[in-house]
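Engineer: Have a look at this one before I ask anything.
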Amino acid sequence: MEIQKVGVIGCGQMGGGIVQTCAQAGFDVRVTEVNDTFLEKGMNNIKSVLSRNVEKGRMTKEEMEAVLGRIHGSTKTTDFADRDLVIEAVIENMDMKKKIFAELDKICPPSAILATNTSCLSIIDMAVMTKRADKVLGIHFFNPVPVMKLVEVVKTIATSQETISAGKQFGEKCGKKVVIAQDSPGFIVNRLMIPFILNAIHMMDSGIASKEDIDAGINLGLNHPMGPLALADLIGLDTVFFIANAMYAELRDPQFVAPPLLGKMVTAGWLGRKTGKGFYDYK
Ligand code: CAA
C-alpha cells in the first residue's frame, strides 16, 4: 500500500517537525492539536522555520507556499478518517497514548497504519488497544526532525512485515535513513544515548571535569556535533529524566538510574533550552 495522506497528532517540537518533514517530502498532511491556541503556535513554528529556509536561499517562496498548502490543521481526531498513516506525537504518557490508539482504530480506515513516535514506551501496549495490531509500529524521529537524517522503524511481536516495509518506504520518502529495531526500551539510539548522558552528569557532579570540558571532549574528541550535556539541554531534561526512568522501570538495569542532580534540575524547572536554563544558560 502506498502512503499518500498522513496524519500527525500533536504539533509540538517533535510533531511540528514531523509535519514539516512530511509536507516537504510531498505528503498531504493533517495535524491535530488539543485546542486552537496550541495549533496556532505549532503552525507558526513551522512557518518560521520554513521562512528561515527561504531567507537562507534553501527554498523559494513558491516552494514554501506549496509546502504550507499541503498542511491542514485541525482540532478534531475525526478528521483522520481518510488517512493512510497516522503518527501519534503527543507527550510520553502511556494512558494518553492508549486512548489515542483506541480512538484512531475507530476513526481510521481499516487499511490505515497507526504509528507512535514514542522514544521509550512499549508499543505493543498501544497496539493492543486496536483491532489491527499487525498495522501498528513505531516511527521514531530525532530532534530537530527536519535536520536529523535518521528514523527508527520499530516492530512489535505483532507488527506484520507488510507494515514494516510500508514504514520503511515512508521514512525513506521523508529523506531519512531507516533503521529497524525491536520494541525494546529505547530501541537503538536511546538505549545507547541515555547511559551516555547519565554518565556525563555523574562525571560533572563528581568533579572529574567541568561541563564545558566534558562537552568539548566529546564534541572535539569524538566529533559529535554537541557534547552530552548540551544535547540533554536540547532534548529537554524532563524528557531525558522520563526516558531514563521508563527504561529503568522496564529493564531494571542500573545504567538507566537517573543521577539525583537530574531530578533536582527537573524539579527546579531547569529543563534546558525550552525554559532558557539547563546545564547552560540560554537567556
Ligand atoms: N528546527 C528546524 N531546523 C533547525 C532547528 C530546529 N529546531 N535547529 C537547527 N535547525 C537547522 C537550521 O536549518 C540551522 O540553520 P540556520 O540556523 O542557518 O537556519 C541548521 O540546523 C544549523 O543549526 P545551527 O547553525 O543553529 O547550529 P548547528 O550547526 O550547531 O546545528 C544541530 C544544530 C542541528 C542541533 C546540531 O548541533 C546537532 O545535530 N546536534 C545534535 C542533535 C541530536 O543529537 N539530536 C538527537 C537528539 S535525541 C532524540 O531526538 C531522540 C529522543 O528520543 C530523545
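Following the order of the C-alpha cells, first chain is A, next is B, and so on, with residues numbered from 1 inside each chain and ligands from 1 in the order they appear.
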Per residue of chain A within 8 Å of ligand 1, which atom pair is closest and at what distance in Å (one decimal), using only C-alpha atoms and all ligand atoms, listed by chain and increasing number, as JSON lines?
Structural biologist:
```
{"residue": "A:Gln13", "atom": "CA", "partner": "ligand 1", "partner_atom_place_in_ligand_line": "7 (N)", "distance": 7.6}
{"residue": "A:Gly17", "atom": "CA", "partner": "ligand 1", "partner_atom_place_in_ligand_line": "1 (N)", "distance": 6.8}
{"residue": "A:Val49", "atom": "CA", "partner": "ligand 1", "partner_atom_place_in_ligand_line": "2 (C)", "distance": 5.8}
{"residue": "A:Arg52", "atom": "CA", "partner": "ligand 1", "partner_atom_place_in_ligand_line": "19 (O)", "distance": 5.7}
{"residue": "A:Asn53", "atom": "CA", "partner": "ligand 1", "partner_atom_place_in_ligand_line": "19 (O)", "distance": 6.2}
{"residue": "A:Lys56", "atom": "CA", "partner": "ligand 1", "partner_atom_place_in_ligand_line": "18 (O)", "distance": 6.8}
{"residue": "A:Thr118", "atom": "CA", "partner": "ligand 1", "partner_atom_place_in_ligand_line": "53 (O)", "distance": 7.2}
{"residue": "A:Ser119", "atom": "CA", "partner": "ligand 1", "partner_atom_place_in_ligand_line": "53 (O)", "distance": 4.3}
{"residue": "A:Cys120", "atom": "CA", "partner": "ligand 1", "partner_atom_place_in_ligand_line": "53 (O)", "distance": 7.3}
{"residue": "A:His140", "atom": "CA", "partner": "ligand 1", "partner_atom_place_in_ligand_line": "53 (O)", "distance": 7.3}
{"residue": "A:Phe141", "atom": "CA", "partner": "ligand 1", "partner_atom_place_in_ligand_line": "50 (O)", "distance": 6.7}
{"residue": "A:Phe142", "atom": "CA", "partner": "ligand 1", "partner_atom_place_in_ligand_line": "50 (O)", "distance": 3.5}
{"residue": "A:Asn143", "atom": "CA", "partner": "ligand 1", "partner_atom_place_in_ligand_line": "50 (O)", "distance": 3.8}
{"residue": "A:Pro144", "atom": "CA", "partner": "ligand 1", "partner_atom_place_in_ligand_line": "7 (N)", "distance": 4.6}
{"residue": "A:Val145", "atom": "CA", "partner": "ligand 1", "partner_atom_place_in_ligand_line": "1 (N)", "distance": 6.7}
{"residue": "A:Pro146", "atom": "CA", "partner": "ligand 1", "partner_atom_place_in_ligand_line": "2 (C)", "distance": 5.4}
{"residue": "A:Val147", "atom": "CA", "partner": "ligand 1", "partner_atom_place_in_ligand_line": "3 (N)", "distance": 5.7}
{"residue": "A:Met148", "atom": "CA", "partner": "ligand 1", "partner_atom_place_in_ligand_line": "39 (O)", "distance": 6.7}
{"residue": "A:Gly186", "atom": "CA", "partner": "ligand 1", "partner_atom_place_in_ligand_line": "53 (O)", "distance": 7.7}
{"residue": "A:Val189", "atom": "CA", "partner": "ligand 1", "partner_atom_place_in_ligand_line": "51 (C)", "distance": 7.2}
{"residue": "A:Asn190", "atom": "CA", "partner": "ligand 1", "partner_atom_place_in_ligand_line": "53 (O)", "distance": 6.2}
{"residue": "A:Met193", "atom": "CA", "partner": "ligand 1", "partner_atom_place_in_ligand_line": "48 (S)", "distance": 7.7}
{"residue": "A:His224", "atom": "CA", "partner": "ligand 1", "partner_atom_place_in_ligand_line": "41 (C)", "distance": 7.4}
{"residue": "A:Pro225", "atom": "CA", "partner": "ligand 1", "partner_atom_place_in_ligand_line": "37 (O)", "distance": 4.9}
{"residue": "A:Met226", "atom": "CA", "partner": "ligand 1", "partner_atom_place_in_ligand_line": "40 (N)", "distance": 5.4}
{"residue": "A:Leu231", "atom": "CA", "partner": "ligand 1", "partner_atom_place_in_ligand_line": "41 (C)", "distance": 6.2}
{"residue": "A:Ala232", "atom": "CA", "partner": "ligand 1", "partner_atom_place_in_ligand_line": "47 (C)", "distance": 8.0}
{"residue": "A:Leu234", "atom": "CA", "partner": "ligand 1", "partner_atom_place_in_ligand_line": "47 (C)", "distance": 7.2}
{"residue": "A:Ile235", "atom": "CA", "partner": "ligand 1", "partner_atom_place_in_ligand_line": "54 (C)", "distance": 5.6}
{"residue": "A:Thr239", "atom": "CA", "partner": "ligand 1", "partner_atom_place_in_ligand_line": "54 (C)", "distance": 6.9}
{"residue": "A:Val240", "atom": "CA", "partner": "ligand 1", "partner_atom_place_in_ligand_line": "54 (C)", "distance": 6.8}
{"residue": "A:Ile243", "atom": "CA", "partner": "ligand 1", "partner_atom_place_in_ligand_line": "54 (C)", "distance": 7.9}
```
Engineer: Please identify which residues in region 82-111 of chain A DSSP calls alpha helix (DSSP H) from the backbone, and express them as a list in words.
Structural biologist: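 Residues meeting the alpha helix (DSSP H) criterion: Met94, Asp95, Met96, Lys97, Lys98, Lys99, Ile100, Phe101, Ala102, Glu103, Leu104, Asp105, Lys106 and Ile107 of chain A.
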Engineer: Name the residues of region 179-268 of chain A that come out as strand (DSSP E) in a backbone DSSP run; write them as a list in words.
Structural biologist: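 Selection result, strand (DSSP E) within region 179-268 of chain A: Val179, Ile180, Ala181 and Gln182 of chain A.
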Engineer: Select, from A:Val136, A:Ala25, A:Ile180, A:Ile197, the residue with the minimum atom-to-atom distance to Val154 (chain A), counting only C-alpha atoms.
Structural biologist: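 Answer, going by the shortest atom-to-atom distance: A:Ile180.
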Engineer: Need the shell around Gly175 (chain A): protein/DNA/RNA residues with any atom at most 10 Å away, counting only C-alpha atoms. Skip same-chain ones fewer than 6 positions apart. Format as a list in words?
Structural biologist: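 Once the adjacent positions are removed, what remains is Thr21, Cys22, Gln24, Ala25, Pro146, Met148, Lys149, Leu150, Val151 and Gln169 of chain A.
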Engineer: Check the smallest atom-to-atom distance from each of A:Val86, A:Asn117, A:Arg58, A:Glu65 to Thr32 (chain A) using only C-alpha atoms, then report the winner.
Structural biologist: A:Val86
Engineer: Could you tell me how far CA of Phe242 (chain A) lies from CA of Glu152 (chain A), in Å and to one decimal?
Structural biologist: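 Result for CA of Phe242 (chain A) versus CA of Glu152 (chain A): 19.4 Å, one decimal.
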Engineer: Let me make sure I understand: among A:Ala112, A:Val67, A:Val54, A:Ile46, which one has the smallest atom-to-atom distance to Arg83 (chain A) if we use only C-alpha atoms?
Structural biologist: A:Ala112
Engineer: Find the residues around Leu192 (chain A) up to 12 Å (only C-alpha atoms counted), leave out those fewer than 4 positions away in its own chain, and share them as a PDB file with all heavy atoms, in the first residue's frame.
Structural biologist:
```
ATOM      1  N   PRO A 185      12.938  -1.279  25.147  1.00  0.00           N
ATOM      2  CA  PRO A 185      13.072   0.092  25.646  1.00  0.00           C
ATOM      3  C   PRO A 185      14.252   0.865  25.051  1.00  0.00           C
ATOM      4  O   PRO A 185      15.395   0.433  25.131  1.00  0.00           O
ATOM      5  CB  PRO A 185      13.271  -0.102  27.150  1.00  0.00           C
ATOM      6  CG  PRO A 185      12.593  -1.390  27.438  1.00  0.00           C
ATOM      7  CD  PRO A 185      12.795  -2.250  26.229  1.00  0.00           C
ATOM      8  N   GLY A 186      13.937   2.025  24.453  1.00  0.00           N
ATOM      9  CA  GLY A 186      14.976   2.904  23.897  1.00  0.00           C
ATOM     10  C   GLY A 186      15.418   2.515  22.496  1.00  0.00           C
ATOM     11  O   GLY A 186      16.249   3.205  21.903  1.00  0.00           O
ATOM     12  N   PHE A 187      14.891   1.398  21.985  1.00  0.00           N
ATOM     13  CA  PHE A 187      15.227   0.935  20.633  1.00  0.00           C
ATOM     14  C   PHE A 187      16.760   0.896  20.452  1.00  0.00           C
ATOM     15  O   PHE A 187      17.420   0.310  21.302  1.00  0.00           O
ATOM     16  CB  PHE A 187      14.511   1.792  19.573  1.00  0.00           C
ATOM     17  CG  PHE A 187      13.089   2.126  19.952  1.00  0.00           C
ATOM     18  CD1 PHE A 187      12.610   3.432  19.920  1.00  0.00           C
ATOM     19  CD2 PHE A 187      12.229   1.133  20.405  1.00  0.00           C
ATOM     20  CE1 PHE A 187      11.308   3.731  20.305  1.00  0.00           C
ATOM     21  CE2 PHE A 187      10.925   1.418  20.784  1.00  0.00           C
ATOM     22  CZ  PHE A 187      10.477   2.720  20.735  1.00  0.00           C
ATOM     23  N   ILE A 188      17.292   1.543  19.413  1.00  0.00           N
ATOM     24  CA  ILE A 188      18.754   1.519  19.234  1.00  0.00           C
ATOM     25  C   ILE A 188      19.388   2.759  19.882  1.00  0.00           C
ATOM     26  O   ILE A 188      20.238   2.658  20.776  1.00  0.00           O
ATOM     27  CB  ILE A 188      19.139   1.518  17.726  1.00  0.00           C
ATOM     28  CG1 ILE A 188      18.598   0.272  17.026  1.00  0.00           C
ATOM     29  CG2 ILE A 188      20.667   1.631  17.566  1.00  0.00           C
ATOM     30  CD1 ILE A 188      18.772   0.275  15.509  1.00  0.00           C
ATOM     31  N   PHE A 196      24.907   7.234  28.237  1.00  0.00           N
ATOM     32  CA  PHE A 196      25.966   8.183  27.878  1.00  0.00           C
ATOM     33  C   PHE A 196      25.704   9.545  28.560  1.00  0.00           C
ATOM     34  O   PHE A 196      26.583  10.109  29.226  1.00  0.00           O
ATOM     35  CB  PHE A 196      25.974   8.291  26.346  1.00  0.00           C
ATOM     36  CG  PHE A 196      26.858   9.335  25.738  1.00  0.00           C
ATOM     37  CD1 PHE A 196      28.211   9.364  26.000  1.00  0.00           C
ATOM     38  CD2 PHE A 196      26.319  10.283  24.854  1.00  0.00           C
ATOM     39  CE1 PHE A 196      29.027  10.323  25.399  1.00  0.00           C
ATOM     40  CE2 PHE A 196      27.124  11.238  24.261  1.00  0.00           C
ATOM     41  CZ  PHE A 196      28.473  11.262  24.539  1.00  0.00           C
ATOM     42  N   ILE A 197      24.474  10.052  28.427  1.00  0.00           N
ATOM     43  CA  ILE A 197      24.136  11.341  29.052  1.00  0.00           C
ATOM     44  C   ILE A 197      24.185  11.226  30.579  1.00  0.00           C
ATOM     45  O   ILE A 197      24.737  12.097  31.264  1.00  0.00           O
ATOM     46  CB  ILE A 197      22.734  11.825  28.584  1.00  0.00           C
ATOM     47  CG1 ILE A 197      22.798  12.241  27.111  1.00  0.00           C
ATOM     48  CG2 ILE A 197      22.231  12.985  29.455  1.00  0.00           C
ATOM     49  CD1 ILE A 197      21.457  12.667  26.519  1.00  0.00           C
ATOM     50  N   LEU A 198      23.638  10.137  31.126  1.00  0.00           N
ATOM     51  CA  LEU A 198      23.620   9.980  32.596  1.00  0.00           C
ATOM     52  C   LEU A 198      25.058   9.914  33.137  1.00  0.00           C
ATOM     53  O   LEU A 198      25.368  10.494  34.179  1.00  0.00           O
ATOM     54  CB  LEU A 198      22.834   8.727  33.012  1.00  0.00           C
ATOM     55  CG  LEU A 198      21.346   8.675  32.588  1.00  0.00           C
ATOM     56  CD1 LEU A 198      20.682   7.420  33.130  1.00  0.00           C
ATOM     57  CD2 LEU A 198      20.573   9.915  33.012  1.00  0.00           C
ATOM     58  N   ASN A 199      25.937   9.240  32.414  1.00  0.00           N
ATOM     59  CA  ASN A 199      27.342   9.166  32.828  1.00  0.00           C
ATOM     60  C   ASN A 199      28.011  10.527  32.805  1.00  0.00           C
ATOM     61  O   ASN A 199      28.839  10.837  33.671  1.00  0.00           O
ATOM     62  CB  ASN A 199      28.120   8.215  31.907  1.00  0.00           C
ATOM     63  CG  ASN A 199      28.069   6.795  32.421  1.00  0.00           C
ATOM     64  OD1 ASN A 199      28.151   6.580  33.630  1.00  0.00           O
ATOM     65  ND2 ASN A 199      27.913   5.841  31.535  1.00  0.00           N
ATOM     66  N   PRO A 228      27.368  15.735  25.469  1.00  0.00           N
ATOM     67  CA  PRO A 228      26.184  15.119  26.070  1.00  0.00           C
ATOM     68  C   PRO A 228      25.347  16.057  26.943  1.00  0.00           C
ATOM     69  O   PRO A 228      24.121  15.897  27.015  1.00  0.00           O
ATOM     70  CB  PRO A 228      26.759  13.972  26.908  1.00  0.00           C
ATOM     71  CG  PRO A 228      28.205  14.297  27.097  1.00  0.00           C
ATOM     72  CD  PRO A 228      28.617  15.089  25.891  1.00  0.00           C
ATOM     73  N   ALA A 244      14.873   7.897  31.035  1.00  0.00           N
ATOM     74  CA  ALA A 244      15.744   7.095  31.913  1.00  0.00           C
ATOM     75  C   ALA A 244      14.884   6.297  32.902  1.00  0.00           C
ATOM     76  O   ALA A 244      15.082   5.082  33.079  1.00  0.00           O
ATOM     77  CB  ALA A 244      16.722   8.003  32.649  1.00  0.00           C
ATOM     78  N   MET A 247      12.964   3.509  31.162  1.00  0.00           N
ATOM     79  CA  MET A 247      13.835   2.398  30.763  1.00  0.00           C
ATOM     80  C   MET A 247      14.260   1.587  31.981  1.00  0.00           C
ATOM     81  O   MET A 247      14.321   0.354  31.929  1.00  0.00           O
ATOM     82  CB  MET A 247      15.048   2.927  29.992  1.00  0.00           C
ATOM     83  CG  MET A 247      14.622   3.479  28.630  1.00  0.00           C
ATOM     84  SD  MET A 247      15.970   4.140  27.668  1.00  0.00           S
ATOM     85  CE  MET A 247      16.754   2.632  27.140  1.00  0.00           C
ATOM     86  N   GLN A 255      22.349   0.971  34.853  1.00  0.00           N
ATOM     87  CA  GLN A 255      22.903   2.021  33.983  1.00  0.00           C
ATOM     88  C   GLN A 255      21.845   3.046  33.556  1.00  0.00           C
ATOM     89  O   GLN A 255      22.184   4.099  33.013  1.00  0.00           O
ATOM     90  CB  GLN A 255      23.618   1.430  32.770  1.00  0.00           C
ATOM     91  CG  GLN A 255      22.744   0.722  31.781  1.00  0.00           C
ATOM     92  CD  GLN A 255      23.521   0.293  30.528  1.00  0.00           C
ATOM     93  OE1 GLN A 255      24.424   0.986  30.076  1.00  0.00           O
ATOM     94  NE2 GLN A 255      23.167  -0.859  29.989  1.00  0.00           N
ATOM     95  N   PHE A 256      20.564   2.730  33.843  1.00  0.00           N
ATOM     96  CA  PHE A 256      19.495   3.679  33.487  1.00  0.00           C
ATOM     97  C   PHE A 256      18.977   4.455  34.701  1.00  0.00           C
ATOM     98  O   PHE A 256      17.970   5.150  34.609  1.00  0.00           O
ATOM     99  CB  PHE A 256      18.344   2.949  32.780  1.00  0.00           C
ATOM    100  CG  PHE A 256      18.783   2.322  31.480  1.00  0.00           C
ATOM    101  CD1 PHE A 256      19.014   0.950  31.393  1.00  0.00           C
ATOM    102  CD2 PHE A 256      19.023   3.109  30.364  1.00  0.00           C
ATOM    103  CE1 PHE A 256      19.459   0.375  30.204  1.00  0.00           C
ATOM    104  CE2 PHE A 256      19.464   2.544  29.182  1.00  0.00           C
ATOM    105  CZ  PHE A 256      19.688   1.176  29.098  1.00  0.00           C
TER     106      PHE A 256
END
```
Engineer: Could you state the separation of CA of Ala127 (chain A) and CA of Thr156 (chain A) in Å, given to one decimal place?
Structural biologist: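 Computed distance, CA of Ala127 (chain A) to CA of Thr156 (chain A), equals 8.5 Å.
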Engineer: Record the distance separating CA of Leu251 (chain A) and CA of Asp183 (chain A), expressed in Å with one decimal.
Structural biologist: 12.7 Å
Engineer: Between A:Met14, A:Ile139, A:Ala23, A:Ile100, which has the minimum distance to Glu63 (chain A) (counting only C-alpha atoms)?
Structural biologist: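 When distances to Glu63 (chain A) are compared using only C-alpha atoms, the smallest one comes from A:Ala23.
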Engineer: If we count only C-alpha atoms, what is near Met1 (chain A) at a cut-off of 10 Å, once residues fewer than 4 positions away on the same chain are taken out, given as a ChimeraX atom specification?
Structural biologist: /A:84,111-113,162-163,165-166
Engineer: Determine, counting only C-alpha atoms, which protein, DNA and RNA residues have an atom within 9 Å of an atom of Met43 (chain A); residues of the same chain fewer than 2 positions away are not included. Present the result as a PyMOL selection string.
Structural biologist: chain A and resi 11+16+38-41+45-48+71+73
Engineer: May I have the residues within 12 Å of Asp205 (chain A) as a PDB file with N, CA and C atoms, in the first residue's frame, using only C-alpha atoms and disregarding those fewer than 2 positions away in the same chain?
Structural biologist:
```pdb
ATOM      1  N   LEU A 198      23.638  10.137  31.126  1.00  0.00           N
ATOM      2  CA  LEU A 198      23.620   9.980  32.596  1.00  0.00           C
ATOM      3  C   LEU A 198      25.058   9.914  33.137  1.00  0.00           C
ATOM      4  N   ASN A 199      25.937   9.240  32.414  1.00  0.00           N
ATOM      5  CA  ASN A 199      27.342   9.166  32.828  1.00  0.00           C
ATOM      6  C   ASN A 199      28.011  10.527  32.805  1.00  0.00           C
ATOM      7  N   ALA A 200      27.653  11.352  31.815  1.00  0.00           N
ATOM      8  CA  ALA A 200      28.236  12.695  31.723  1.00  0.00           C
ATOM      9  C   ALA A 200      27.789  13.532  32.935  1.00  0.00           C
ATOM     10  N   ILE A 201      26.512  13.356  33.347  1.00  0.00           N
ATOM     11  CA  ILE A 201      26.015  14.107  34.523  1.00  0.00           C
ATOM     12  C   ILE A 201      26.764  13.647  35.781  1.00  0.00           C
ATOM     13  N   HIS A 202      26.939  12.324  35.936  1.00  0.00           N
ATOM     14  CA  HIS A 202      27.706  11.789  37.078  1.00  0.00           C
ATOM     15  C   HIS A 202      29.118  12.367  37.076  1.00  0.00           C
ATOM     16  N   MET A 203      29.728  12.420  35.892  1.00  0.00           N
ATOM     17  CA  MET A 203      31.107  12.894  35.767  1.00  0.00           C
ATOM     18  C   MET A 203      31.221  14.350  36.207  1.00  0.00           C
ATOM     19  N   GLY A 207      32.874  16.015  39.915  1.00  0.00           N
ATOM     20  CA  GLY A 207      34.008  16.930  39.816  1.00  0.00           C
ATOM     21  C   GLY A 207      35.172  16.424  38.971  1.00  0.00           C
ATOM     22  N   ILE A 208      34.945  15.393  38.186  1.00  0.00           N
ATOM     23  CA  ILE A 208      36.040  14.877  37.331  1.00  0.00           C
ATOM     24  C   ILE A 208      36.423  15.922  36.275  1.00  0.00           C
ATOM     25  N   ALA A 209      35.431  16.621  35.770  1.00  0.00           N
ATOM     26  CA  ALA A 209      35.694  17.693  34.795  1.00  0.00           C
ATOM     27  C   ALA A 209      34.520  18.664  34.796  1.00  0.00           C
ATOM     28  N   SER A 210      34.743  19.865  34.246  1.00  0.00           N
ATOM     29  CA  SER A 210      33.653  20.851  34.154  1.00  0.00           C
ATOM     30  C   SER A 210      32.712  20.449  33.019  1.00  0.00           C
ATOM     31  N   LYS A 211      31.492  20.999  33.055  1.00  0.00           N
ATOM     32  CA  LYS A 211      30.523  20.680  31.989  1.00  0.00           C
ATOM     33  C   LYS A 211      31.077  21.083  30.620  1.00  0.00           C
ATOM     34  N   ILE A 214      33.693  18.501  29.565  1.00  0.00           N
ATOM     35  CA  ILE A 214      33.077  17.213  29.185  1.00  0.00           C
ATOM     36  C   ILE A 214      32.507  17.345  27.769  1.00  0.00           C
ATOM     37  N   LEU A 229      25.975  17.046  27.581  1.00  0.00           N
ATOM     38  CA  LEU A 229      25.198  17.935  28.455  1.00  0.00           C
ATOM     39  C   LEU A 229      24.436  18.966  27.619  1.00  0.00           C
ATOM     40  N   PRO A 259      20.798  10.192  37.785  1.00  0.00           N
ATOM     41  CA  PRO A 259      21.501  10.799  38.912  1.00  0.00           C
ATOM     42  C   PRO A 259      20.573  11.777  39.643  1.00  0.00           C
ATOM     43  N   PRO A 260      20.685  11.855  40.998  1.00  0.00           N
ATOM     44  CA  PRO A 260      19.800  12.764  41.745  1.00  0.00           C
ATOM     45  C   PRO A 260      19.820  14.198  41.211  1.00  0.00           C
ATOM     46  N   LEU A 261      20.975  14.659  40.743  1.00  0.00           N
ATOM     47  CA  LEU A 261      21.063  16.039  40.232  1.00  0.00           C
ATOM     48  C   LEU A 261      20.067  16.283  39.092  1.00  0.00           C
ATOM     49  N   LEU A 262      19.892  15.293  38.228  1.00  0.00           N
ATOM     50  CA  LEU A 262      18.973  15.465  37.094  1.00  0.00           C
ATOM     51  C   LEU A 262      17.543  15.688  37.609  1.00  0.00           C
ATOM     52  N   PHE A 279      21.769  22.774  31.810  1.00  0.00           N
ATOM     53  CA  PHE A 279      23.180  22.773  32.199  1.00  0.00           C
ATOM     54  C   PHE A 279      23.814  24.110  31.795  1.00  0.00           C
TER      55      PHE A 279
END
```
